[in-house]
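The file work25.txt comes next; it holds compact mmCIF, C-alpha atoms and all ligand atoms.
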```
# COMPACT_ATOMS: atom_id res chain seq x y z
CA MET A 1 0.00 0.00 0.00
CA LEU A 2 1.64 3.23 -1.17
CA THR A 3 1.22 5.86 1.56
CA LEU A 4 3.07 8.56 3.44
CA LEU A 5 0.91 7.99 6.51
CA ASP A 6 1.51 5.77 9.51
CA LYS A 7 0.55 2.25 8.33
CA ASN A 8 -1.98 1.76 11.15
CA ILE A 9 -3.74 5.03 10.36
CA GLU A 10 -3.83 4.08 6.68
CA ALA A 11 -5.32 0.68 7.57
CA TYR A 12 -7.93 2.40 9.76
CA ALA A 13 -8.90 4.75 6.92
CA TYR A 14 -9.07 1.77 4.56
CA GLU A 15 -11.44 -0.08 6.91
CA HIS A 16 -13.66 3.01 7.12
CA THR A 17 -13.98 3.49 3.37
CA THR A 18 -16.76 1.86 1.33
CA PRO A 19 -15.42 -1.42 -0.07
CA SER A 20 -15.02 -1.31 -3.84
CA GLY A 21 -16.38 -4.86 -4.19
CA GLU A 22 -15.32 -8.32 -5.28
CA LEU A 23 -14.50 -7.39 -8.86
CA PHE A 24 -11.96 -4.84 -7.66
CA ASP A 25 -10.54 -7.31 -5.13
CA ASP A 26 -10.05 -9.83 -7.96
CA LEU A 27 -8.46 -7.17 -10.15
CA ARG A 28 -6.06 -6.32 -7.34
CA GLU A 29 -5.01 -9.97 -7.04
CA VAL A 30 -4.55 -10.42 -10.77
CA THR A 31 -2.54 -7.19 -10.95
CA LEU A 32 -0.28 -8.48 -8.16
CA ALA A 33 0.17 -11.83 -9.92
CA GLU A 34 0.54 -10.65 -13.51
CA THR A 35 2.32 -7.28 -13.49
CA ASP A 36 5.72 -6.04 -12.31
CA MET A 37 4.57 -2.83 -10.62
CA PRO A 38 1.23 -3.53 -8.90
CA GLN A 39 1.83 -0.63 -6.52
CA MET A 40 0.92 1.70 -9.41
CA GLN A 41 -2.74 0.79 -8.87
CA VAL A 42 -4.53 3.49 -6.86
CA GLY A 43 -6.23 1.18 -4.33
CA ARG A 44 -9.50 1.35 -2.41
CA ILE A 45 -9.25 4.78 -0.76
CA GLU A 46 -8.21 6.71 -3.85
CA GLY A 47 -10.47 4.57 -6.04
CA GLN A 48 -13.51 5.36 -3.95
CA LEU A 49 -12.47 9.02 -3.85
CA LEU A 50 -12.42 9.02 -7.67
CA THR A 51 -15.92 7.53 -7.82
CA LEU A 52 -17.22 10.05 -5.30
CA LEU A 53 -15.60 13.06 -7.01
CA THR A 54 -16.93 11.94 -10.40
CA ARG A 55 -20.42 11.66 -8.93
CA LEU A 56 -20.18 14.94 -7.00
CA CYS A 57 -19.23 16.93 -10.06
CA GLY A 58 -21.95 15.24 -12.12
CA ALA A 59 -19.47 14.29 -14.81
CA THR A 60 -20.71 12.94 -18.12
CA PHE A 61 -17.43 12.94 -20.02
CA ALA A 62 -14.11 12.04 -18.38
CA VAL A 63 -10.55 11.46 -19.56
CA GLU A 64 -7.90 9.40 -17.84
CA ILE A 65 -4.18 9.41 -18.63
CA GLY A 66 -2.61 6.15 -17.40
CA THR A 67 -4.96 3.14 -17.49
CA PHE A 68 -2.63 0.34 -16.32
CA THR A 69 -4.92 -2.60 -15.34
CA GLY A 70 -8.03 -0.43 -15.27
CA TYR A 71 -8.72 -0.14 -11.55
CA SER A 72 -9.02 3.67 -11.45
CA SER A 73 -10.81 3.68 -14.83
CA LEU A 74 -13.60 1.50 -13.50
CA HIS A 75 -13.93 3.63 -10.37
CA ILE A 76 -14.32 6.77 -12.50
CA ALA A 77 -16.70 5.03 -14.94
CA GLN A 78 -19.05 3.92 -12.19
CA GLY A 79 -19.37 7.51 -10.92
CA LEU A 80 -20.38 8.93 -14.32
CA ARG A 81 -23.94 9.95 -15.06
CA ASP A 82 -26.09 7.56 -17.10
CA GLY A 83 -24.94 7.67 -20.70
CA GLY A 84 -21.53 8.95 -19.61
CA LYS A 85 -18.20 8.04 -21.17
CA LEU A 86 -14.57 7.73 -20.11
CA ILE A 87 -11.72 7.83 -22.58
CA THR A 88 -8.61 6.32 -20.99
CA CYS A 89 -5.19 5.91 -22.58
CA ASP A 90 -2.04 3.90 -22.05
CA ILE A 91 0.86 2.48 -24.06
CA ASP A 92 1.06 -0.86 -22.22
CA ALA A 93 -0.72 -3.59 -24.20
CA HIS A 94 -0.28 -6.26 -21.51
CA ALA A 95 -1.64 -4.23 -18.55
CA THR A 96 -4.56 -2.91 -20.57
CA SER A 97 -5.49 -6.43 -21.72
CA ILE A 98 -6.09 -7.19 -18.03
CA ALA A 99 -8.15 -3.99 -17.81
CA ARG A 100 -10.37 -5.05 -20.70
CA ARG A 101 -10.92 -8.46 -19.12
CA PHE A 102 -12.23 -6.87 -15.92
CA TRP A 103 -14.22 -4.05 -17.51
CA SER A 104 -16.18 -6.66 -19.47
CA ARG A 105 -17.42 -8.05 -16.16
CA SER A 106 -19.09 -4.75 -15.15
CA SER A 107 -21.86 -2.66 -16.70
CA ALA A 108 -19.79 0.47 -15.93
CA GLY A 109 -17.09 -1.04 -18.16
CA GLU A 110 -19.33 -0.35 -21.16
CA ARG A 111 -18.72 3.36 -20.58
CA ILE A 112 -14.96 3.01 -21.07
CA GLU A 113 -13.10 3.53 -24.33
CA LEU A 114 -9.41 2.57 -24.31
CA ARG A 115 -6.91 4.29 -26.59
CA LEU A 116 -3.66 2.35 -26.80
CA ALA A 117 -1.42 5.27 -27.79
CA PRO A 118 0.72 7.97 -26.18
CA ALA A 119 -1.47 10.30 -24.14
CA VAL A 120 -0.44 13.38 -26.11
CA ASP A 121 -1.83 11.80 -29.30
CA THR A 122 -5.08 10.84 -27.56
CA LEU A 123 -5.56 14.31 -26.05
CA ALA A 124 -5.07 15.89 -29.48
CA THR A 125 -8.13 14.01 -30.77
CA ILE A 126 -10.50 15.16 -28.02
CA GLY A 127 -12.82 17.96 -29.14
CA GLN A 128 -15.61 17.46 -26.58
CA SER A 129 -15.48 19.45 -23.36
CA ILE A 130 -14.13 17.38 -20.42
CA ASP A 131 -15.92 17.34 -17.05
CA LEU A 132 -13.28 15.39 -15.15
CA ALA A 133 -9.69 14.44 -15.96
CA PHE A 134 -7.35 12.12 -14.06
CA ILE A 135 -3.59 12.38 -14.69
CA ASP A 136 -1.66 9.30 -13.57
CA ALA A 137 1.08 8.49 -16.10
CA ASP A 138 4.69 9.47 -16.88
CA LYS A 139 5.66 12.24 -14.48
CA GLU A 140 7.94 14.07 -16.95
CA ASN A 141 4.88 14.88 -19.06
CA TYR A 142 2.53 16.07 -16.32
CA ILE A 143 2.92 19.75 -17.32
CA THR A 144 2.30 18.89 -20.98
CA TYR A 145 -0.87 16.99 -20.04
CA TRP A 146 -2.01 19.87 -17.83
CA ASP A 147 -1.48 22.45 -20.56
CA LEU A 148 -3.38 20.32 -23.07
CA LEU A 149 -6.23 19.58 -20.66
CA VAL A 150 -7.03 22.95 -19.06
CA PRO A 151 -8.38 24.61 -22.25
CA LYS A 152 -10.51 21.52 -22.98
CA MET A 153 -12.17 21.46 -19.53
CA THR A 154 -15.78 22.38 -18.82
CA LYS A 155 -16.08 25.51 -16.66
CA GLY A 156 -16.26 24.06 -13.14
CA GLY A 157 -14.62 20.82 -14.32
CA LEU A 158 -12.15 18.94 -12.17
CA ILE A 159 -8.57 17.90 -12.89
CA ILE A 160 -7.11 15.30 -10.53
CA ALA A 161 -3.37 14.59 -10.61
CA ASP A 162 -1.89 11.64 -8.74
CA ASN A 163 1.47 11.19 -6.97
CA VAL A 164 2.07 14.90 -6.37
CA LEU A 165 4.02 14.17 -3.18
CA TRP A 166 6.02 11.44 -4.96
CA SER A 167 6.85 9.46 -1.81
CA GLY A 168 8.04 12.70 -0.19
CA LYS A 169 10.78 13.23 -2.80
CA VAL A 170 9.30 16.65 -3.65
CA LEU A 171 11.16 17.94 -0.58
CA LYS A 172 14.56 16.82 -1.87
CA PRO A 173 14.33 16.18 -5.61
CA GLN A 174 17.22 14.17 -7.08
CA GLU A 175 15.99 12.33 -10.15
CA ALA A 176 14.30 13.76 -13.24
CA SER A 177 10.91 12.40 -12.18
CA ASP A 178 11.26 14.06 -8.74
CA GLN A 179 11.99 17.42 -10.36
CA ALA A 180 9.14 16.93 -12.84
CA ILE A 181 6.64 16.64 -9.99
CA VAL A 182 8.13 19.68 -8.21
CA ASP A 183 7.85 21.67 -11.45
CA PHE A 184 4.29 20.43 -12.03
CA ASN A 185 3.16 21.48 -8.56
CA ALA A 186 4.68 24.95 -9.06
CA HIS A 187 3.00 25.16 -12.47
CA VAL A 188 -0.42 24.43 -10.96
CA ARG A 189 0.15 26.84 -8.09
CA ALA A 190 0.90 29.66 -10.58
CA ASP A 191 -2.09 28.90 -12.82
CA VAL A 192 -4.80 31.50 -12.21
CA ARG A 193 -7.31 29.52 -14.28
CA VAL A 194 -7.86 27.05 -11.44
CA GLU A 195 -8.53 26.85 -7.73
CA HIS A 196 -6.73 23.88 -6.23
CA VAL A 197 -5.96 21.88 -3.14
CA MET A 198 -3.21 19.34 -2.56
CA LEU A 199 -4.46 16.37 -0.55
CA THR A 200 -2.09 14.25 1.50
CA VAL A 201 -4.09 11.12 0.64
CA ARG A 202 -1.91 8.14 -0.37
CA ASP A 203 0.98 9.59 -2.46
CA GLY A 204 -0.53 13.07 -2.72
CA ILE A 205 -3.43 14.12 -4.97
CA MET A 206 -3.87 17.53 -6.61
CA LEU A 207 -7.49 18.56 -7.06
CA ALA A 208 -8.01 21.52 -9.36
CA ARG A 209 -11.33 23.06 -10.34
CA VAL A 210 -11.23 25.02 -13.56
CA LYS A 211 -12.79 28.49 -13.10
C1 LIG A 301 0.63 4.70 -12.35
S1 LIG A 301 0.14 3.77 -13.73
C2 LIG A 301 -1.59 4.08 -13.82
C3 LIG A 301 -2.33 3.38 -12.72
C4 LIG A 301 -3.84 3.39 -12.90
N1 LIG A 301 -4.37 4.72 -12.89
C5 LIG A 301 -4.50 2.54 -11.81
O1 LIG A 301 -4.93 3.07 -10.81
O2 LIG A 301 -4.52 1.31 -11.98
C6 LIG A 301 0.82 4.71 -15.03
C7 LIG A 301 0.51 4.20 -16.44
O3 LIG A 301 0.87 5.23 -17.36
C8 LIG A 301 1.25 4.61 -18.55
N2 LIG A 301 2.02 5.54 -19.38
C9 LIG A 301 3.32 5.88 -19.28
N3 LIG A 301 3.66 6.75 -20.24
C10 LIG A 301 2.53 6.98 -20.97
C11 LIG A 301 2.23 7.80 -22.10
N4 LIG A 301 3.17 8.56 -22.68
N5 LIG A 301 0.97 7.79 -22.57
C12 LIG A 301 0.00 7.03 -21.99
N6 LIG A 301 0.23 6.24 -20.92
C13 LIG A 301 1.49 6.22 -20.41
C14 LIG A 301 2.06 3.39 -18.09
O4 LIG A 301 2.14 2.41 -19.12
C15 LIG A 301 1.28 2.95 -16.85
O5 LIG A 301 0.40 1.87 -17.14
```
For the file at hand, write its structure as structure tokens.
Ligand SMILES: C[S@@+](CC[C@H](N)C(=O)[O-])C[C@H]1O[C@@H](n2cnc3c(N)ncnc32)[C@H](O)[C@@H]1O
Amino acid sequence: MLTLLDKNIEAYAYEHTTPSGELFDDLREVTLAETDMPQMQVGRIEGQLLTLLTRLCGATFAVEIGTFTGYSSLHIAQGLRDGGKLITCDIDAHATSIARRFWSRSSAGERIELRLAPAVDTLATIGQSIDLAFIDADKENYITYWDLLVPKMTKGGLIIADNVLWSGKVLKPQEASDQAIVDFNAHVRADVRVEHVMLTVRDGIMLARVK
């Protein structure tokens, strides 16, 4: 479980969060067994937060950057309004084949369209206004994704960016990915088009509402 919190506090919060259900538990197990970096999956607390935020903002059209095995995608999809749609993108054919397997077991999965291509290419094709966007892919491109997304967002739409505390490495950046997150956080802070809050949930989550 990726967290900056005391493990017992994290476990307590986990126990006091609505369970995502058996399908998600199965997906977690398969991701552990069949992928090299299962810790990339957001987990119950952030997953349920994604569902709740999607519902609270009444999203009809959402975009996700970084599908992996589809755990966060399905949480977003199940929070969409009836008739809603999620476009999610990744470049990993193996991980997303697991995602497709699990989405097909859920009615919310019918709302998901996967684009197996670099996120920049997928974003370039989106003309519809986006109610909710979730950024959870290569850290070096977070600013690029942000700059492409903000003009495409609905007024009042929500951008959610994951891993903005980057295991605490934002305080002492050493590698390129550390610096990329530091630069991204500064970029968001300076952007007058949004109001934002950085949550210390899991590995840090930036919530930004587009004005
Ligand atoms: C942290 S994982 C996403 C986890 C996922 N949101 C979940 O909760 O299961 C990041 C994903 O971003 C993908 N990725 C990396 N670079 C990418 C790019 N340029 N375009 C699209 N996806 C990319 C990786 O293949 C990986 O599956």
- Message: Can you pull out every residue with an atom within 9 Å of ligand LIG 301 (chain A)? Use all atoms listed in the file and format it as a VMD selection string.
- Response: chain A and resid 31 37 to 43 46 to 47 64 to 73 88 to 93 95 to 96 99 115 to 122 134 to 139 141 162 to 163
Print the selection's residues with C-alpha atoms to a file, as a CSV table (one decimal), keeping the file's coordinate frame.
```csv
chain,number,residue,atom,x,y,z
A,31,THR,CA,-2.5,-7.2,-11.0
A,37,MET,CA,4.6,-2.8,-10.6
A,38,PRO,CA,1.2,-3.5,-8.9
A,39,GLN,CA,1.8,-0.6,-6.5
A,40,MET,CA,0.9,1.7,-9.4
A,41,GLN,CA,-2.7,0.8,-8.9
A,42,VAL,CA,-4.5,3.5,-6.9
A,43,GLY,CA,-6.2,1.2,-4.3
A,46,GLU,CA,-8.2,6.7,-3.8
A,47,GLY,CA,-10.5,4.6,-6.0
A,64,GLU,CA,-7.9,9.4,-17.8
A,65,ILE,CA,-4.2,9.4,-18.6
A,66,GLY,CA,-2.6,6.2,-17.4
A,67,THR,CA,-5.0,3.1,-17.5
A,68,PHE,CA,-2.6,0.3,-16.3
A,69,THR,CA,-4.9,-2.6,-15.3
A,70,GLY,CA,-8.0,-0.4,-15.3
A,71,TYR,CA,-8.7,-0.1,-11.6
A,72,SER,CA,-9.0,3.7,-11.4
A,73,SER,CA,-10.8,3.7,-14.8
A,88,THR,CA,-8.6,6.3,-21.0
A,89,CYS,CA,-5.2,5.9,-22.6
A,90,ASP,CA,-2.0,3.9,-22.0
A,91,ILE,CA,0.9,2.5,-24.1
A,92,ASP,CA,1.1,-0.9,-22.2
A,93,ALA,CA,-0.7,-3.6,-24.2
A,95,ALA,CA,-1.6,-4.2,-18.6
A,96,THR,CA,-4.6,-2.9,-20.6
A,99,ALA,CA,-8.2,-4.0,-17.8
A,115,ARG,CA,-6.9,4.3,-26.6
A,116,LEU,CA,-3.7,2.4,-26.8
A,117,ALA,CA,-1.4,5.3,-27.8
A,118,PRO,CA,0.7,8.0,-26.2
A,119,ALA,CA,-1.5,10.3,-24.1
A,120,VAL,CA,-0.4,13.4,-26.1
A,121,ASP,CA,-1.8,11.8,-29.3
A,122,THR,CA,-5.1,10.8,-27.6
A,134,PHE,CA,-7.4,12.1,-14.1
A,135,ILE,CA,-3.6,12.4,-14.7
A,136,ASP,CA,-1.7,9.3,-13.6
A,137,ALA,CA,1.1,8.5,-16.1
A,138,ASP,CA,4.7,9.5,-16.9
A,139,LYS,CA,5.7,12.2,-14.5
A,141,ASN,CA,4.9,14.9,-19.1
A,162,ASP,CA,-1.9,11.6,-8.7
A,163,ASN,CA,1.5,11.2,-7.0
```
- If you count only C-alpha atoms, which residues fall within 12 Å of Val210 in chain A, apart from same-chain ones fewer than 5 positions away, as a PyMOL selection string? chain A and resi 57+130-133+146+149-160+188+191-196
- Query: So which one's closest to Lys169 in chain A, A:Val30, A:Leu86, A:Ala62, A:Leu4? Using all atoms listed in the file, please.
  - Reply: A:Leu4
- Note on the structure: In terms of only C-alpha atoms, the residue from A:Thr144, A:Ser104, A:Thr200, A:Thr18 at minimal distance from Phe184 in chain A is A:Thr144
- Item | Pick from A:Leu5, A:Leu53, A:Met206, A:Ile45 nearest to His187 in chain A, counting only C-alpha atoms |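 Answer, going by the shortest atom-to-atom distance: A:Met206.
For the residues A:Leu56, A:Ile98, A:Ile87, A:Ile76, ranking by smallest atom-to-atom distance to Leu32 in chain A using all atoms listed in the file places A:Ile98 first.
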Given 6 Å on each side, where is the centre and what are the edge lengths in Å to one decimal of the axis-aligned box enclosing the listed atoms of range 115-129 of chain A, as lines of an AutoDock Vina configuration file?
```
center_x = -7.4
center_y = 10.9
center_z = -27.1
size_x = 28.3
size_y = 29.1
size_z = 19.4
```
- Pairwise distance for CA of Ala180 in chain A and CA of Ile143 in chain A, rounded to one decimal in Å: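 So the two atoms, CA of Ala180 in chain A and CA of Ile143 in chain A, lie 8.2 Å apart.
The coordinates place CA of Val63 in chain A at 11.9 Å from CA of Leu148 in chain A.
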- Query: Distance CA of Arg55 in chain A-CA of Gly79 in chain A, one decimal place?
  - Reply: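 Interatomic distance here is 4.7 Å.
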- Would you list the contacts of Asp82 in chain A as an MDAnalysis selection string, taking every protein, DNA or RNA residue within 8 Å and counting only C-alpha atoms, but skipping same-chain residues closer than 2 positions in sequence? chainID A and resid 60 80 84
- Query: Smallest atom-to-atom distance to Asp6 in chain A: which of A:Arg101, A:Glu140, A:Val201, A:Phe24, using all atoms listed in the file?
  - Reply: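 Among the listed residues, A:Val201 lies closest to Asp6 in chain A.
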- Task: Name the closest residue to Asp178 in chain A among the candidates A:Asp26, A:Phe61, A:Ala161, A:Tyr142; distances are taken between atoms, counting all atoms listed in the file.
- Result: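 Checking each of A:Asp26, A:Phe61, A:Ala161, A:Tyr142 against Asp178 in chain A, counting all atoms listed in the file, the winner is A:Tyr142.
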Taking the partial coordinates given, rebuild range 94-127 of chain A to contain N, CA and C atoms; return it as an mmCIF file, keeping the file's coordinate frame.
```
data_model
loop_
_atom_site.group_PDB
_atom_site.id
_atom_site.type_symbol
_atom_site.label_atom_id
_atom_site.label_comp_id
_atom_site.auth_asym_id
_atom_site.auth_seq_id
_atom_site.Cartn_x
_atom_site.Cartn_y
_atom_site.Cartn_z
ATOM 1 N N HIS A 94 -0.035 -5.160 -22.451
ATOM 2 C CA HIS A 94 -0.280 -6.260 -21.510
ATOM 3 C C HIS A 94 -1.206 -5.805 -20.361
ATOM 4 N N ALA A 95 -0.835 -4.706 -19.698
ATOM 5 C CA ALA A 95 -1.640 -4.230 -18.550
ATOM 6 C C ALA A 95 -3.073 -3.920 -18.987
ATOM 7 N N THR A 96 -3.208 -3.295 -20.149
ATOM 8 C CA THR A 96 -4.560 -2.910 -20.570
ATOM 9 C C THR A 96 -5.381 -4.109 -21.044
ATOM 10 N N SER A 97 -4.708 -5.217 -21.390
ATOM 11 C CA SER A 97 -5.490 -6.430 -21.720
ATOM 12 C C SER A 97 -6.151 -6.964 -20.456
ATOM 13 N N ILE A 98 -5.477 -6.813 -19.325
ATOM 14 C CA ILE A 98 -6.090 -7.190 -18.030
ATOM 15 C C ILE A 98 -7.278 -6.255 -17.765
ATOM 16 N N ALA A 99 -7.069 -4.966 -18.009
ATOM 17 C CA ALA A 99 -8.150 -3.990 -17.810
ATOM 18 C C ALA A 99 -9.396 -4.392 -18.588
ATOM 19 N N ARG A 100 -9.222 -4.699 -19.847
ATOM 20 C CA ARG A 100 -10.370 -5.050 -20.700
ATOM 21 C C ARG A 100 -11.110 -6.268 -20.163
ATOM 22 N N ARG A 101 -10.313 -7.247 -19.674
ATOM 23 C CA ARG A 101 -10.920 -8.460 -19.120
ATOM 24 C C ARG A 101 -11.873 -8.117 -17.976
ATOM 25 N N PHE A 102 -11.426 -7.201 -17.114
ATOM 26 C CA PHE A 102 -12.230 -6.870 -15.920
ATOM 27 C C PHE A 102 -13.371 -5.912 -16.251
ATOM 28 N N TRP A 103 -13.135 -4.968 -17.146
ATOM 29 C CA TRP A 103 -14.220 -4.050 -17.510
ATOM 30 C C TRP A 103 -15.404 -4.832 -18.089
ATOM 31 N N SER A 104 -15.090 -5.911 -18.815
ATOM 32 C CA SER A 104 -16.180 -6.660 -19.470
ATOM 33 C C SER A 104 -17.074 -7.364 -18.455
ATOM 34 N N ARG A 105 -16.621 -7.408 -17.202
ATOM 35 C CA ARG A 105 -17.420 -8.050 -16.160
ATOM 36 C C ARG A 105 -18.320 -7.048 -15.419
ATOM 37 N N SER A 106 -18.329 -5.786 -15.867
ATOM 38 C CA SER A 106 -19.090 -4.750 -15.150
ATOM 39 C C SER A 106 -19.879 -3.901 -16.147
ATOM 40 N N SER A 107 -21.100 -3.504 -15.772
ATOM 41 C CA SER A 107 -21.860 -2.660 -16.700
ATOM 42 C C SER A 107 -21.182 -1.298 -16.867
ATOM 43 N N ALA A 108 -20.502 -0.821 -15.810
ATOM 44 C CA ALA A 108 -19.790 0.470 -15.930
ATOM 45 C C ALA A 108 -18.672 0.366 -16.967
ATOM 46 N N GLY A 109 -18.164 -0.843 -17.176
ATOM 47 C CA GLY A 109 -17.090 -1.040 -18.160
ATOM 48 C C GLY A 109 -17.516 -0.655 -19.565
ATOM 49 N N GLU A 110 -18.831 -0.720 -19.826
ATOM 50 C CA GLU A 110 -19.330 -0.350 -21.160
ATOM 51 C C GLU A 110 -19.144 1.138 -21.443
ATOM 52 N N ARG A 111 -18.906 1.908 -20.397
ATOM 53 C CA ARG A 111 -18.720 3.360 -20.580
ATOM 54 C C ARG A 111 -17.274 3.729 -20.932
ATOM 55 N N ILE A 112 -16.388 2.715 -20.919
ATOM 56 C CA ILE A 112 -14.960 3.010 -21.070
ATOM 57 C C ILE A 112 -14.472 2.737 -22.488
ATOM 58 N N GLU A 113 -13.757 3.723 -23.039
ATOM 59 C CA GLU A 113 -13.100 3.530 -24.330
ATOM 60 C C GLU A 113 -11.594 3.641 -24.117
ATOM 61 N N LEU A 114 -10.868 2.580 -24.479
ATOM 62 C CA LEU A 114 -9.410 2.570 -24.310
ATOM 63 C C LEU A 114 -8.730 3.020 -25.591
ATOM 64 N N ARG A 115 -7.767 3.918 -25.445
ATOM 65 C CA ARG A 115 -6.910 4.290 -26.590
ATOM 66 C C ARG A 115 -5.489 3.824 -26.249
ATOM 67 N N LEU A 116 -5.007 2.872 -27.028
ATOM 68 C CA LEU A 116 -3.660 2.350 -26.800
ATOM 69 C C LEU A 116 -2.692 3.179 -27.632
ATOM 70 N N ALA A 117 -2.275 4.308 -27.067
ATOM 71 C CA ALA A 117 -1.420 5.270 -27.790
ATOM 72 C C ALA A 117 -0.882 6.263 -26.767
ATOM 73 N N PRO A 118 0.218 6.950 -27.105
ATOM 74 C CA PRO A 118 0.720 7.970 -26.180
ATOM 75 C C PRO A 118 -0.363 8.993 -25.852
ATOM 76 N N ALA A 119 -0.396 9.412 -24.611
ATOM 77 C CA ALA A 119 -1.470 10.300 -24.140
ATOM 78 C C ALA A 119 -1.556 11.587 -24.946
ATOM 79 N N VAL A 120 -0.424 12.114 -25.363
ATOM 80 C CA VAL A 120 -0.440 13.380 -26.110
ATOM 81 C C VAL A 120 -1.247 13.205 -27.401
ATOM 82 N N ASP A 121 -1.094 12.049 -28.052
ATOM 83 C CA ASP A 121 -1.830 11.800 -29.300
ATOM 84 C C ASP A 121 -3.327 11.689 -29.011
ATOM 85 N N THR A 122 -3.663 11.000 -27.912
ATOM 86 C CA THR A 122 -5.080 10.840 -27.560
ATOM 87 C C THR A 122 -5.702 12.199 -27.232
ATOM 88 N N LEU A 123 -5.005 13.000 -26.447
ATOM 89 C CA LEU A 123 -5.560 14.310 -26.050
ATOM 90 C C LEU A 123 -5.799 15.185 -27.282
ATOM 91 N N ALA A 124 -4.926 15.061 -28.269
ATOM 92 C CA ALA A 124 -5.070 15.890 -29.480
ATOM 93 C C ALA A 124 -6.373 15.592 -30.217
ATOM 94 N N THR A 125 -6.902 14.379 -30.038
ATOM 95 C CA THR A 125 -8.130 14.010 -30.770
ATOM 96 C C THR A 125 -9.413 14.428 -30.047
ATOM 97 N N ILE A 126 -9.283 14.895 -28.814
ATOM 98 C CA ILE A 126 -10.500 15.160 -28.020
ATOM 99 C C ILE A 126 -11.013 16.587 -28.279
ATOM 100 N N GLY A 127 -12.231 16.655 -28.845
ATOM 101 C CA GLY A 127 -12.820 17.960 -29.140
ATOM 102 C C GLY A 127 -13.925 18.308 -28.159
#
```
